[in-house]
Each structure stands twice: as structure tokens, then as C-alpha cells.
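*Asks:* Sharing a structure here in C-alpha cells format.
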Amino acid sequence: MVHHTISSSSTSAASASSKIRVMKRLLRFLACAAIVGALASCAVKKPPPAPAPPPAREEPGLPPPGPVADTAPIGPAIERARSRWVPVRWAELPGFEQDNTTDAWNAWIKSCERPGPTFARLCSEVRRLSLGSVEEQRNWMKARLQPYRVEPLPGAGAAAAEGLLTSYFEPSYDASRTARAGFGVPLYRAPATLGQRRPWYTRQEMEALPEARAQLAGTEIAWLADPLDALILQIQGSGRVRLTEADGSQRLVRLAFAATNDQPYRSPGKWLIDQGLLRGDVTWPGIRNALAANPQALQGFLWSNPRMVFFREEALSPLDAQFGPKGAQGVPLTPGRSIAVDPQSIPYGTPVWLSSQGPVANLQRLVLAQDTGSAIVGAVRADYFAGWGAEAGDFAGRMKQPLKLWVLWPR
């Protein structure tokens, strides 16, 4: 019988070989694991650090956004030819925090079309702020400007210190290019001989003297229906008319101030009072009512004011129609945001804080000094541009109230 037996040496060899195979497999496993781990570590990237929050918006040349402390030094008073400016804190301006200054920014941008040297350096900032919020505009003014209360010079009297606000407007009428039935009141261009005689003929002489009438012949721009409308247009200094041409076509034009006859202005309303025909209601509606009741007084009423205004015709585009006529600064006026001032008290182009309370209106707002007038004389004196048309005319005809003014001057 054959027996198969395994010797002890063969068994030891087999065991060692098995251990080697296990070790190789273990090493291969560990190597693979290391490779997988390395690949995994490469695939996972750390997230980038979060970006820093952007800084608050700040444009070159503009103060940082946010509230501006009203603590800057205010400096000494300033004297001008007909006024004294006393520096004050912004908190003194009544209603400053409530005004919608964006309504005034269009008027300010208009002033920047012809700025004086004092404000020219600020105009680039004014233009950029046209798209800013009310708060940004208000903070910019506090940072860049110093408010001064406008006062009369010493010795001017209590009445001058109280101040006076009146209003003016741009009349709007129908007109004819030629004289015809219903349109017989002429409006004139400046005659060629205007500079040859100073003063030129009075209003009465222009109607009554043959030599004056001869020099006016051919200078008629347009004809109105009502002599009182013509006087109002001349007193206001400009107007817009819906002009019917000789061929029947119509177009809207502006009759802008061109010159005067250099005669003094005298109030026709005061003449009515002196004649005992008007009491108290010295407004255009009141004047019309007095003349309707006393038609025999019309000619004397018209001739009581010797001053005559001559006009020039200007095309009126849809864009131009959104603004008033050009004021003395040479820029179009903005309804409710332009005022006429005495330039020896307040220079043209100056932003002004206006405050007036009375029976016609309560006004606390930012306005621009862009015009003047022969009756606008003194420190605390302003004429408020109300706009155009019948509603503006009614407002302007009734406005006569106490006034306070503050100029806003660059620091």
C-alpha cells in the first residue's frame, strides 16, 4: 500500500509563500488607496474668501454720502452794495428738510449754463447731482454751501427789514399777424430811431403824435384784441401768443423783451386809486372790474404809465414751451423756482432759500436768482416767477406778502 506523506520542510515553504502573496496584495491595496486619496484631495478645492463689501458710493469731487454735521465754522458777515449777509446754521432755514429740492435742480442746471465765477467751480457737481436723491442733494448743499440771512444795510428802516414778495408771470394770448376786425392793438419791435432820442416818446405821444406814429409804422409784430392785455404783456416784459398768420395758419411764438422807451414806470393801479375808482383790490382782476364799471377811464389808465416795452419774436419749440422766457441772467426761467432780485443785493445765479407766509401762499423753498425788474430794488425783495397762462396770472396778480431770504454761498 502506498501512503502519501508531507514532510515538515515542505509545509514551512508553503506557509511563507502564502504570507508573501498576502503582503503583496496588502501593499497594492494601500497604494491604490493612497492614489485615490490623492486624487480626491486634488478634486476638492477650498472656496475662495468672501469679497469685502463694496464701499459706500462716493464720486470724485462730491462729499461722502450720509448726514452732514452742521458744525463747520460760519465766518463773518458779508456786506454788499444794498444788503448785509449774516451767516447762520442750516437749522435756521424754515422748511429746509421738507422741500423737494429735485424740483429746483433744473433751475440750478439752467443757471450753470451761464454761471458767475463764484459758482462755476460747483457746476460739475450740480450736474452730477441732478440724478441724486433729495437727501444727497441736501447733504451736498450742507457740505458745500454756507447759508446767510439777507438783511438791509443799517439805517434802511423797519419796512425794508420785513421784506416783500411779489410775483410775475408770462401772459398767453391770441394774436393776429395783421390788423383786422377784433385785433386792433399793436405790439412793436424796437424802432430804428430808438437810440436817437433818450428818453423816447411816451406811451401817449406814441399814439397821439404824427412823428412818433411815422417812426413806428412797419414795426408791428402782432395785434391783440384787448388794450389791457397789451399793457399787461408790456408790464410783465414778455409773453407767448398763439399767432394767426395772414394765410390763416397758426403757431405758438414768444414775444421776448427787446428794449424800452426809457420812460419811467408808473403804476396804473395807483392811478385808479388816485382817481377814486379802485379801493383795496389792487390786482389785475380788481383792475379789470374797476375799468368795466368805468370804461371812460380806460384811456387815462393806459396813458398813466409812460413806459413802453418793445419785443422781439422767438420760435417756441415744445422743449422751450416747458420753460419761461430768459431772465436777466440769460437763462430760461423755471416756474416756481426762479426769482427776480436786486443784483446789487444778490448776484445772478445764486441759490436762495425763500420763506413767505400770507393769504396767497405759504412758500418755503429753494429758488434761483435769475432775473431782475425795475421795481425789484432793495435787500429783502423778490419777484416770484409763477409760470404762464391764466392761473399763473391770477396768482401773480394777488401775490404781495412779507418775505425772508437766505443766500446759499460757497464755503
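Every chain in the C-alpha cells has a letter given in the order shown (A, B, ...), and although residue numbers restart at 1 in each chain, ligands are simply numbered from 1 in the order shown.
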If we count only C-alpha atoms, what is near Ala77 of chain A at a cut-off of 7 Å, once residues fewer than 6 positions away on the same chain are taken out, given as a list in words?
*Replies:*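 So the residues in contact are Trp85, Val86 and Pro87 of chain A.
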*Asks:* As a ChimeraX atom specification, which residues of segment 139-344 of chain A does DSSP assign to strand (DSSP E or B)?
*Replies:* /A:145-151,164-170,172-176,180,183,185-188,220-224,239-244,250-260,309-315,326,332,338-341
*Asks:* With only C-alpha atoms as the basis for distance, which of A:Arg177, A:Thr283, A:Ser172, A:Pro117 is at the shortest distance from Asp247 of chain A?
*Replies:*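 Closest to Asp247 of chain A of all the choices is A:Arg177.
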*Asks:* Using DSSP on the backbone, list every residue of segment 41-252 of chain A that comes out as helix (DSSP H, G or I), and give them as an MDAnalysis selection string.
*Replies:* chainID A and resid 41:43 90:92 102:111 117:120 123:131 134:144 158:162 194:196 203:208 210:216 227:236
*Asks:* Find the spatial neighbours of Glu314 of chain A, counting only C-alpha atoms, within a cut-off of 8 Å - ignore same-chain residues fewer than 3 positions away - and output them as a list in words.
*Replies:* Val253, Arg254, Leu255 and Ala256 of chain A
*Asks:* Take the residues that were just selected and, keeping N, CA, C and O atoms, output them as a compact mmCIF listing (two decimals), in the first residue's frame.
*Replies:*
```txt
# COMPACT_ATOMS: atom_id res chain seq x y z
N VAL A 253 -45.67 131.41 -30.57
CA VAL A 253 -44.39 132.11 -30.54
C VAL A 253 -44.27 132.85 -29.21
O VAL A 253 -45.25 133.08 -28.52
N ARG A 254 -43.05 133.19 -28.89
CA ARG A 254 -42.80 134.01 -27.70
C ARG A 254 -42.41 135.42 -28.14
O ARG A 254 -41.59 135.60 -29.06
N LEU A 255 -43.00 136.41 -27.49
CA LEU A 255 -42.59 137.80 -27.67
C LEU A 255 -41.71 138.16 -26.48
O LEU A 255 -42.21 138.33 -25.36
N ALA A 256 -40.41 138.22 -26.72
CA ALA A 256 -39.44 138.43 -25.66
C ALA A 256 -39.08 139.91 -25.56
O ALA A 256 -39.15 140.66 -26.54
```
*Asks:* To one decimal place, how far is atom CA of Ala375 of chain A from atom CA of Phe96 of chain A in Å?
*Replies:*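 It comes out at 28.5 Å.
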*Asks:* Taking into account only C-alpha atoms, which residue in the set A:Gly182, A:Gly95, A:Pro264, A:Pro199 is nearest to Ser374 of chain A?
*Replies:*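 Among the listed residues, the smallest separation from Ser374 of chain A belongs to A:Pro264.
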*Asks:* Quick one: of A:Leu272, A:Val341, A:Leu333, A:Val134, who's nearest to Asn100 of chain A, counting only C-alpha atoms?
*Replies:*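 Looking only at the distances to Asn100 of chain A, the closest residue turns out to be A:Val134.
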